[in-house]
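Before any comments, here is the structure.
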Amino acid sequence: MLLHLRKVRLRRQPVSTLLFWDQVLAEHHVRAFGWRFRRTLSLVLSLLFLFLLTGAVLNPVLPQNQAGRTVIVFDNSSSMNAIDNGSSRFEAAKIILAKLLASENEQSQIALVTTAGKPQVVFGFTAQSQWRRKAAEAIQPTHQPKKLGQAIELARTIGGDARIFVITDGCCESVKPLLAASDLTFFPIGTPLENVAITRLQARRLPADPLGFEVLIELANHSDTPKECRLELTLEERFVDLRPLTLAANSVETQIFYAQTDQGGILRASVDLTDALAADNTAWAALPARDRQTLLLQGESDFFLRRALQSQQNVELLTGEPPPQTDETVLICHQTVPERIPEGNVLLIDPRGDCDLFTVGGPLASSLIGQTSDDSPLMRFVQLENVLIAGAREIRFPESAPKPQILAAATEGNPIFFQWDRGNQGKVTVLSADLQQGNLVFRTAFPIMVSNILNSFRADGGELGQTFPAAAPSESDLRIAPKEFYDLREGSFPQNASFPPIWFLLTGFALVLIVLEWFLYHRRWID
């Protein structure tokens with residue numbers, strides 16, 4: 001406006017030689033109708049420029065309707081880590097996500113949802129393009145399975161009638177029924193790929209073995225050709241076993257390893273193959289350590305009993321004062337019985353006194369074993385039928401006392417070998433046999449019985465260790481997406497926005513007006 005006022009107040013300096021020409025021109029100007037408005041047009045152009053520039057600074061926006069909003073469902077599950085055409089599927093998906101965000105108008109309302117594990121909303125509906133871009137760049141790949149159906153339901157819940165764009169590789173069973181949905185637009189990632197994967201790894205301690213453990217490994221060959229590989233198993237980086245394998249085409253095979261150690265740690269199973277998804281070629285599992293079992297022997301000393309206890313693996317035999325009570329402490333009483341059975345695991349051999357669980361009578365007239373419980377773990381590899389147990393005594397149970405599990409009984413039904421399971425208070429096992437009589441201690445059944453009894457007292461027998469898969473087993477088949485899913489690739493790639501923001505248009509029009517006014521008046525195209 002200052003330039004305009006300065007321009008309309010130009011100082012005039014009359015010259016004598018132009019005196020007559022000024023009079024002629026003055027008469028001509030008065031006759032020209034537009035001459036009267038020559039500076040008024042400049043003022044209008046300047047005011048219009050100011051109006052447009054002010055409007056651009058105010059950043060006006062068009063009203064957004066419900067249907068104009070967009071929810072993007074982004075797949076960051078385990079299968080997106082597969083290498084496809086030289087780069088990972090996740091990287092290709094991030095490129096499409098960036099182009100989708102750039103293709104929308106600046107004032108468009110966009111929300112972003114991820115599919116891995118439990119579907120999450122990365123950000124709700126927002127028009128802040130810079131914040132949307134930073135939040136999208138912060139998404140990281142995971143090794144969790146995709147929940148595509150749940151993620152789309154979440155997108156529909158928060159979006160209502162909004163458009164839903166789905167960026168995924170389609171490697172899940174739930175993708176096929178979703179292809180026909182009218183509110184979904186898919187952006188397929190990758191192509192079908194062959195893959196070999198460790199789909200299951202479990203390790204457990206053996207209840208009947210104080211040192212042994214088993215490892216179950218399941219391998220899947222998701223390809224149309226056989227694959228040769230080597231399966232290696234290590235425990236805390238120490239070699240355990242190695243097996244060469246030939247996996248049949250489109251097959252699932254199971255391998256079982258057996259080894260012995262009292263130490264625990266992390267088991268690692270791996271196959272030496274180079275395929276599309278390297279993460280599922282390795283899996284980990286936790287193997288619990290086998291605690292050393294403390295045996296406290298009390299009562300009359302017996303050579304054969306002591307040797308049978310000393311022959312056990314991973315045990316420590318003590319006599320005298322009892323150590324601090326733990327889950328792995330076993331009280332062994334030979335020919336003596338506490339008046340009240342203490343808490344914990346207790347083994348009574350040849351009891352000759354009464355306690356709160358039973359009373360002891362005289363010797364049995366017939367101690368020939370006639371009944372056994374062969375389905376019990378304590379009778380594993382033990383054959384006592386028709387075996388004469390010398391020195392066995394009559395055992396009676398009070399009415400108020402709980403009844404034990406009878407493992408072996410004489411032909412007349414008198415219990416000889418039995419056990420109570422008291423839950424958190426431990427187990428009590430009783431063998432009514434005089435080790436100094438008969439030939440039981442010379443049979444292989446005796447040390448096996450002792451081993452079975454001690455193993456039944458262990459607190460860590462048979463449990464499964466925790467598994468840590470490197471990739472979700474359900475994501476290992478990289479060919480599961482149907483053919484019609486890949487057919488959606490044509491025409492689904494996002495295009496750049498065709499309509500610029502309003503502030504940009506206003507600024508452009510203002511610049512055009514100021515340039516026009518400058519050329520018309522400052523350059524004297526119009527006098």
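Simple scheme: letters A, B, ... for chains in structure tokens order, numbers from 1 for residues in each chain, numbers from 1 for ligands in the order shown.
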
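Close contacts of Thr261 of chain A, defined as residues with an atom at most 12 Å away when counting only C-alpha atoms, with chain neighbours fewer than 6 positions off set aside, comprise Arg205, Leu206, Asp209, Pro210, Leu211, Gly212, Phe213, Glu214, Leu235, Arg238, Val240, Leu287, Pro288, Ala289, Arg290, Asp291, Arg292, Gln313 and Asn314 of chain A.
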
Can you tell me which residues surround Asp275 of chain A at a distance of at most 8 Å, considering only C-alpha atoms, apart from same-chain residues fewer than 6 positions away, and format the answer as a JSON list (two decimals) with N, CA and C atoms, in the first residue's frame?
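The resulting result28.json:
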```
[["chain", "number", "residue", "atom", "x", "y", "z"],
["A", 194, "GLU", "N", 9.92, -70.46, -1.24],
["A", 194, "GLU", "CA", 10.18, -71.72, -0.54],
["A", 194, "GLU", "C", 10.89, -71.43, 0.77],
["A", 195, "ASN", "N", 10.64, -72.30, 1.76],
["A", 195, "ASN", "CA", 11.22, -72.04, 3.08],
["A", 195, "ASN", "C", 11.25, -73.33, 3.89],
["A", 196, "VAL", "N", 12.30, -73.50, 4.69],
["A", 196, "VAL", "CA", 12.42, -74.58, 5.66],
["A", 196, "VAL", "C", 12.47, -73.94, 7.04]]
```

Just want the 9 Å neighbourhood of Ala445 of chain A, counted on only C-alpha atoms, with same-chain residues fewer than 3 positions away dropped. Output as a ChimeraX atom specification.
/A:381-384,440-442,448-450

Set the distance at 12 Å and use only C-alpha atoms: which residues neighbour Gln436 of chain A once local chain neighbours fewer than 4 positions away are removed? I'd like the list as a list in words.
Glu300, Ser301, Asp302, Phe303, Phe304, Leu305, His334, Gln335, Ile349, Asp350, Ile389, Ala390, Gly391, Ala392, Leu440, Val441 and Phe442 of chain A

Could you write those residues out with N, CA and C atoms, as a tab-separated table (two decimals), in the first residue's frame?
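What follows is the written file again.tsv:
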```tsv
chain	number	residue	atom	x	y	z
A	300	GLU	N	19.35	-98.04	61.55
A	300	GLU	CA	20.36	-99.08	61.50
A	300	GLU	C	21.09	-99.06	60.17
A	301	SER	N	22.41	-99.14	60.22
A	301	SER	CA	23.22	-99.14	59.00
A	301	SER	C	23.12	-100.50	58.32
A	302	ASP	N	22.98	-100.46	56.99
A	302	ASP	CA	22.91	-101.69	56.20
A	302	ASP	C	23.81	-101.52	54.98
A	303	PHE	N	24.68	-102.49	54.76
A	303	PHE	CA	25.65	-102.40	53.67
A	303	PHE	C	24.96	-102.31	52.32
A	304	PHE	N	23.98	-103.17	52.07
A	304	PHE	CA	23.34	-103.21	50.76
A	304	PHE	C	22.51	-101.94	50.51
A	305	LEU	N	21.84	-101.44	51.55
A	305	LEU	CA	21.07	-100.21	51.38
A	305	LEU	C	21.97	-99.03	51.08
A	334	HIS	N	15.75	-96.49	58.26
A	334	HIS	CA	15.85	-97.95	58.19
A	334	HIS	C	15.62	-98.53	59.57
A	335	GLN	N	14.52	-99.28	59.70
A	335	GLN	CA	14.11	-99.97	60.92
A	335	GLN	C	13.74	-98.99	62.04
A	349	ILE	N	12.08	-97.98	55.31
A	349	ILE	CA	12.42	-99.34	54.93
A	349	ILE	C	12.45	-100.21	56.19
A	350	ASP	N	11.68	-101.30	56.13
A	350	ASP	CA	11.57	-102.24	57.25
A	350	ASP	C	11.18	-101.51	58.53
A	389	ILE	N	9.22	-111.85	49.87
A	389	ILE	CA	9.83	-110.73	50.60
A	389	ILE	C	9.98	-111.16	52.06
A	390	ALA	N	11.19	-111.54	52.42
A	390	ALA	CA	11.42	-112.07	53.76
A	390	ALA	C	11.35	-110.94	54.79
A	391	GLY	N	10.78	-111.26	55.94
A	391	GLY	CA	10.74	-110.32	57.05
A	391	GLY	C	9.66	-109.28	56.95
A	392	ALA	N	8.74	-109.38	55.99
A	392	ALA	CA	7.67	-108.39	55.88
A	392	ALA	C	6.75	-108.49	57.08
A	440	LEU	N	16.22	-110.30	48.31
A	440	LEU	CA	15.77	-109.12	47.58
A	440	LEU	C	16.93	-108.20	47.21
A	441	VAL	N	17.90	-108.02	48.14
A	441	VAL	CA	19.00	-107.09	47.88
A	441	VAL	C	19.92	-107.61	46.79
A	442	PHE	N	19.84	-108.93	46.47
A	442	PHE	CA	20.68	-109.48	45.42
A	442	PHE	C	20.00	-109.43	44.06
```

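Note that the spacing between atom CA of Gly362 of chain A and atom CA of Arg396 of chain A amounts to 10.8 Å.
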
What does the distance from atom CA of Gly320 of chain A to atom CA of Leu454 of chain A come to in Å, to one decimal?
19.7 Å

Taking the chain letters and numbering used in this document, name the residues of segment 237-368 of chain A that DSSP puts in strand (DSSP E), as an MDAnalysis selection string.
chainID A and resid 238:247 251:260 265:271 282:287 293:299 315:319 329:334 345:349 359:363
